[in-house]
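Note sheet for the following structure.
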Amino acid sequence: MNAWIVIVAAGLGSYLFRLSMIMLAGRVTTPAYLERAAVFVAPAAFAALAAAGIATACMHLGATQAAAPLAAVAVAVIAVLRTGSSYAAIVAGLPTLWITAALLPS
Amino acid sequence: MVSLSANRSVLAAGARAMMPWLAGIVPFGLAIGFSAAQADIPTLAGWLTGPLIFAGSAQAAAIGMLDAGAAPAVVIAAALIINIRLIFYSAAMARYWRSTPWWWRLVAAYLLIDPSFAVGLDGYGRLDRDRAHAYYLGGAALLWVSWLAAIGAGATAGAVLPAWLHLEFVMPLFLIGEAVPKLARPAQRRAIFAAAAVALLALSAPLQLGIALAIAAGIVAGLTARPDAPARIARPVRRPTEACR
């Protein structure tokens, strides 16, 4: 029940953001510090969601199996740095996860 | 005036301009679909983030935080913090849509998100106003259909594929892939490390406040750093693979 309300409210708020300046055109200006902050929202959100997602999954897996996602993350980071492609994280990371998870004792 | 029927070929040109963005959007949509299928919320509710929120990273945050059992107000706040940039896109488009009918503004604003903003700005820079409207709509409509289809495909596949595939890791790995190239810019690097550190430290924070706190900490860390050279403010990153955040 809560999930539906949250999604509708977040959607409605996002729509109001989209409409805001179009409907207020010329009457207000966006503050400069908000424009500077906007640059950091995506990297901060991506890092926070990825770190929390991996850590939560590791805790569910238990001590030995938790090494598998950590290995996958390490391989993913190296793969992106070496290839320069964002896709490399999934292409290299997911198979690493499958292999290490199969090798580790559960 | 917004006359779309007279501008079919421009509609198609806008859709073609959106094509390169789809390479980044479709994997992100699939990843969101997978996480919606794995999350502890109705899969339909997860899919509905597509048409309702229509912004990838806010959708990912909403699904992830709802799955973790975060308090409703915290989830809504986090999604809206992530989407604040839409106000800047709105401000940038306002001058082009000033004399358009209200129905056009309602529809065009609904479709406004990083890729449609980029394709749209390009059109308004090159074409006369009337044709640029059609160009924007062509690109944005293709984006909308592709986005919802990708999430739907991911949610459907995520529900039937075996557990050993660990599809719950597709989303974090996708986000890592998007974040790592940003490490090259010092202020962005600070934002990334601060956000990740706070997310880990605040993992057991009450109400799952951790992710919202971590995003705020990352933004503050970035703002207090020395600014990265040429600031590209309120514009989406040009690289088409960085899509639909």
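Following the order of the structure tokens, first chain is A, next is B, and so on, with residues numbered from 1 inside each chain and ligands from 1 in the order they appear.
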
Which residues are near Ala51 (chain A)? Cut-off 9 Å, only C-alpha atoms, ignore same chain within fewer than 3 positions. Put them as a ChimeraX atom specification. /A:46-48,54-56 /B:172,176,195-197,199-200

Give me the residues within 12 Å of His133 (chain B) as a short mmCIF file (atom, residue, chain, number, x, y, z; two decimals) with C-alpha atoms, in the first residue's frame, counting only C-alpha atoms and dropping any in the same chain fewer than 5 places off.
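File out_31.cif, as written:
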data_model
loop_
_atom_site.label_atom_id
_atom_site.label_comp_id
_atom_site.auth_asym_id
_atom_site.auth_seq_id
_atom_site.Cartn_x
_atom_site.Cartn_y
_atom_site.Cartn_z
CA MET B 1 1.69 27.28 -33.06
CA VAL B 2 2.36 23.59 -32.65
CA SER B 3 1.53 21.78 -35.85
CA LEU B 4 2.82 18.24 -35.77
CA SER B 5 1.07 16.71 -38.78
CA ALA B 6 2.91 19.06 -41.15
CA ASN B 7 6.21 17.96 -39.66
CA ARG B 8 6.23 14.17 -39.94
CA VAL B 10 10.99 16.26 -38.51
CA LEU B 11 9.28 13.99 -35.96
CA ALA B 13 14.44 13.10 -37.45
CA GLY B 14 13.97 13.74 -33.73
CA MET B 93 12.98 25.02 -22.06
CA TYR B 96 11.03 27.94 -26.24
CA TRP B 97 7.61 26.95 -24.96
CA SER B 99 3.84 30.96 -26.53
CA THR B 100 2.71 27.35 -26.92
CA PRO B 101 -0.78 26.11 -25.95
CA TRP B 104 1.61 21.24 -25.31
CA ARG B 105 3.37 22.52 -22.20
CA VAL B 107 2.81 17.03 -22.44
CA ALA B 108 6.24 18.42 -23.28
CA SER B 116 14.94 14.49 -24.36
CA PHE B 117 16.41 17.73 -23.00
CA VAL B 119 17.89 16.21 -28.18
CA GLY B 120 15.40 19.06 -27.74
CA LEU B 121 18.03 21.75 -27.12
CA ASP B 122 19.84 20.59 -30.23
CA GLY B 123 16.63 20.97 -32.26
CA TYR B 124 15.74 24.39 -30.88
CA GLY B 125 19.27 25.54 -31.67
CA ARG B 126 19.08 24.51 -35.33
CA LEU B 127 15.44 24.55 -36.47
CA ASP B 128 12.65 27.10 -36.56
CA GLY B 138 9.75 12.74 -31.96
CA GLY B 139 12.78 12.14 -29.77
CA ALA B 140 10.91 12.26 -26.46
CA ALA B 141 8.14 9.88 -27.64
#

Using only C-alpha atoms, which chain A residues lie at most 6 Å away from chain B, written as a list in words?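 Residues satisfying the distance criterion: Val6, Ala10, Gly11, Phe17, Arg18, Leu19, Met21, Ile22, Ala25, Ala38, Phe40, Val41, Pro43, Ala44, Ala45, Phe46, Ala47, Ala48, Ala50, Ala51, Ala52, Ser86, Ala89 and Ile90 of chain A.
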
Tell me, as a ChimeraX atom specification, which residues lie within 10 Å of Thr100 (chain A), counting only C-alpha atoms; anything in the same chain fewer than 3 positions away does not count. /A:65-72,95-97,103-105

Go ahead and dump the residues you just picked, N, CA and C atoms, as a PDB file, in the first residue's frame.
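Saved to again.pdb:
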ATOM      1  N   GLN A  65      30.292 -16.373   1.363  1.00  0.00           N
ATOM      2  CA  GLN A  65      29.721 -16.017   0.063  1.00  0.00           C
ATOM      3  C   GLN A  65      29.829 -14.527  -0.228  1.00  0.00           C
ATOM      4  N   ALA A  66      29.952 -13.706   0.821  1.00  0.00           N
ATOM      5  CA  ALA A  66      30.000 -12.256   0.629  1.00  0.00           C
ATOM      6  C   ALA A  66      31.224 -11.836  -0.178  1.00  0.00           C
ATOM      7  N   ALA A  67      32.233 -12.697  -0.236  1.00  0.00           N
ATOM      8  CA  ALA A  67      33.423 -12.354  -1.016  1.00  0.00           C
ATOM      9  C   ALA A  67      33.102 -12.274  -2.508  1.00  0.00           C
ATOM     10  N   ALA A  68      32.065 -12.983  -2.950  1.00  0.00           N
ATOM     11  CA  ALA A  68      31.746 -13.016  -4.382  1.00  0.00           C
ATOM     12  C   ALA A  68      31.354 -11.641  -4.930  1.00  0.00           C
ATOM     13  N   PRO A  69      30.376 -10.945  -4.322  1.00  0.00           N
ATOM     14  CA  PRO A  69      30.069  -9.613  -4.847  1.00  0.00           C
ATOM     15  C   PRO A  69      31.223  -8.629  -4.717  1.00  0.00           C
ATOM     16  N   LEU A  70      32.050  -8.785  -3.665  1.00  0.00           N
ATOM     17  CA  LEU A  70      33.180  -7.870  -3.531  1.00  0.00           C
ATOM     18  C   LEU A  70      34.173  -8.089  -4.669  1.00  0.00           C
ATOM     19  N   ALA A  71      34.403  -9.362  -5.031  1.00  0.00           N
ATOM     20  CA  ALA A  71      35.269  -9.650  -6.177  1.00  0.00           C
ATOM     21  C   ALA A  71      34.666  -9.083  -7.459  1.00  0.00           C
ATOM     22  N   ALA A  72      33.341  -9.228  -7.589  1.00  0.00           N
ATOM     23  CA  ALA A  72      32.667  -8.713  -8.790  1.00  0.00           C
ATOM     24  C   ALA A  72      32.821  -7.198  -8.894  1.00  0.00           C
ATOM     25  N   PRO A  95      29.625 -12.074 -14.622  1.00  0.00           N
ATOM     26  CA  PRO A  95      30.253 -13.414 -14.703  1.00  0.00           C
ATOM     27  C   PRO A  95      31.220 -13.674 -13.555  1.00  0.00           C
ATOM     28  N   THR A  96      31.950 -12.635 -13.121  1.00  0.00           N
ATOM     29  CA  THR A  96      32.846 -12.812 -11.965  1.00  0.00           C
ATOM     30  C   THR A  96      32.048 -13.257 -10.742  1.00  0.00           C
ATOM     31  N   LEU A  97      30.886 -12.629 -10.576  1.00  0.00           N
ATOM     32  CA  LEU A  97      30.025 -12.973  -9.440  1.00  0.00           C
ATOM     33  C   LEU A  97      29.571 -14.434  -9.530  1.00  0.00           C
ATOM     34  N   LEU A 103      32.379 -21.119  -6.761  1.00  0.00           N
ATOM     35  CA  LEU A 103      33.600 -21.692  -6.191  1.00  0.00           C
ATOM     36  C   LEU A 103      33.620 -21.648  -4.670  1.00  0.00           C
ATOM     37  N   LEU A 104      33.018 -20.589  -4.117  1.00  0.00           N
ATOM     38  CA  LEU A 104      33.058 -20.418  -2.662  1.00  0.00           C
ATOM     39  C   LEU A 104      32.125 -21.415  -1.964  1.00  0.00           C
ATOM     40  N   PRO A 105      32.544 -21.919  -0.782  1.00  0.00           N
ATOM     41  CA  PRO A 105      31.623 -22.783  -0.025  1.00  0.00           C
ATOM     42  C   PRO A 105      30.465 -21.954   0.510  1.00  0.00           C
TER      43      PRO A 105
END

Please give the complete set of residues from region 1-174 of chain B that DSSP, run on the backbone, assigns to helix (DSSP H, G or I), formatted as a VMD selection string. chain B and resid 5 to 38 43 to 53 56 to 68 72 to 82 85 to 97 102 to 110 114 to 126 129 to 160 163 to 165 167 to 174

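Separating CA of Val73 (chain A) from CA of Leu49 (chain A) is a distance of 13.6 Å.
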